[in-house]
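Quick notes on the structure that follows.
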Amino acid sequence: EVQLQASGGGLVQAGGSLRLSCTASGFTFDHYAIAWFRQAPGKEREGVSCIRDGAANIYYGPSVKGRFTASSDKAKNTVYLQMTSLKPEDTAVYYCARSVKVLCSSRPRAVDYDYWGQGTLVTVSS
């Protein structure tokens, strides 16, 4: 059974850091793109980052570029999103999702992803 388990969210002050994890089971990352999306209350889901083929293909949305870093650990079948210099506007539920066809060359679109993790809440206080 294909599953994605997102974790690592929490409450942090503005300027702080968090590391999100997305652990896969039922498949390996080798042939998939893994993206992070976020959804704040009352807002649409936003594609934040995408990683594929290790660090060979990585995309960051303009709102997080320079502050967030995606990485993967093949042995653990886990993708990470290191978030630094967090801002109150980063507050959202963060989801990871997988796609077999995406190349991570542009902003992730939810329609391209077939399996999703359950989400982890990130709250950044001012």
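All residue names refer to the structure tokens as shown: chains lettered A, B, ... in order, residues numbered from 1 in each chain, ligands numbered from 1 in order.
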
Quiz item: Which residues, written as an NGL selection string, have at least one atom at most 7 Å from A:Arg19, with only C-alpha atoms counted and residues fewer than 5 positions away on the same chain left out?
Solution: :A and (8 or 80-83)

Now that the selection is made, can you save its residues with C-alpha atoms as a PDB file, in the first residue's frame?
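Everything below was put into part.pdb:
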ATOM      1  CA  GLY A   8       7.766  17.667  11.923  1.00  0.00           C
ATOM      2  CA  TYR A  80      12.939  16.599   4.094  1.00  0.00           C
ATOM      3  CA  LEU A  81      12.025  20.248   3.947  1.00  0.00           C
ATOM      4  CA  GLN A  82      14.303  22.374   6.077  1.00  0.00           C
ATOM      5  CA  MET A  83      12.563  25.659   6.762  1.00  0.00           C
TER       6      MET A  83
END

Practice problem: Pull the strand (DSSP E) assignments for chain A out of DSSP run on the backbone, and list those residues as an MDAnalysis selection string. | Solution: chainID A and resid 3:7 10:13 18:25 33:39 46:52 57:60 68:73 78:83 92:99 115:116 120:125

Exercise. Please identify which residues in chain A DSSP calls helix (DSSP H, G or I) from the backbone, and express them as a ChimeraX atom specification.
Key: /A:29-31,74-76,88-90,110-112

With N, CA, C and O atoms retained, could you export that selection as a CSV table (one decimal), in the first residue's frame?
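Output (result.csv):
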chain,number,residue,atom,x,y,z
A,29,PHE,N,11.5,6.4,-3.8
A,29,PHE,CA,11.5,7.7,-4.4
A,29,PHE,C,12.1,7.7,-5.8
A,29,PHE,O,12.0,8.7,-6.5
A,30,ASP,N,12.8,6.7,-6.2
A,30,ASP,CA,13.7,6.7,-7.3
A,30,ASP,C,13.0,7.3,-8.6
A,30,ASP,O,13.7,8.0,-9.4
A,31,HIS,N,11.8,6.9,-8.8
A,31,HIS,CA,11.2,7.3,-10.1
A,31,HIS,C,10.0,8.3,-9.9
A,31,HIS,O,9.1,8.4,-10.7
A,74,LYS,N,17.7,8.5,0.5
A,74,LYS,CA,17.2,7.3,-0.2
A,74,LYS,C,17.2,6.1,0.8
A,74,LYS,O,16.2,5.3,0.7
A,75,ALA,N,18.1,5.9,1.6
A,75,ALA,CA,18.1,4.8,2.5
A,75,ALA,C,16.9,4.8,3.5
A,75,ALA,O,16.4,3.7,3.9
A,76,LYS,N,16.5,6.0,3.8
A,76,LYS,CA,15.3,6.1,4.7
A,76,LYS,C,14.0,6.3,4.0
A,76,LYS,O,13.0,6.4,4.6
A,88,PRO,N,5.4,34.6,9.8
A,88,PRO,CA,4.0,34.3,10.1
A,88,PRO,C,3.2,33.8,8.9
A,88,PRO,O,2.3,32.9,9.0
A,89,GLU,N,3.5,34.3,7.8
A,89,GLU,CA,2.8,33.9,6.5
A,89,GLU,C,3.1,32.5,6.1
A,89,GLU,O,2.5,32.0,5.1
A,90,ASP,N,4.1,31.9,6.7
A,90,ASP,CA,4.4,30.5,6.4
A,90,ASP,C,3.4,29.5,7.2
A,90,ASP,O,3.5,28.3,6.9
A,110,ALA,N,-1.2,20.6,-7.8
A,110,ALA,CA,-1.9,19.5,-7.1
A,110,ALA,C,-2.4,18.5,-8.0
A,110,ALA,O,-2.4,17.3,-7.7
A,111,VAL,N,-2.9,18.9,-9.2
A,111,VAL,CA,-3.5,17.9,-10.1
A,111,VAL,C,-2.6,16.9,-10.6
A,111,VAL,O,-3.0,15.8,-11.1
A,112,ASP,N,-1.3,17.2,-10.5
A,112,ASP,CA,-0.3,16.2,-11.1
A,112,ASP,C,0.2,15.2,-10.1
A,112,ASP,O,1.0,14.3,-10.4

Quiz prompt | 8 Å contact set for stretch 91-102 of chain A, only C-alpha atoms, chain neighbours under 3 positions out, as a ChimeraX atom specification | solution = /A:4-6,9,22,31-41,87-88,105,112-124

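Among the candidate residues A:Gly26, A:Gly42, A:Gly54, A:Gly16, the one lying nearest to A:Ser125 is A:Gly16, with distances computed using only C-alpha atoms.
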
Quiz prompt | Contacts of A:Ala55 within 9 Å, only C-alpha atoms, excl. fewer than 5 positions in-chain, as a PyMOL selection string | solution = chain A and resi 70-72

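Candidate residues A:Ala14, A:Val48, A:Ala24, A:Val64 were compared for distance to A:Pro108, and the nearest is A:Val48, using only C-alpha atoms.
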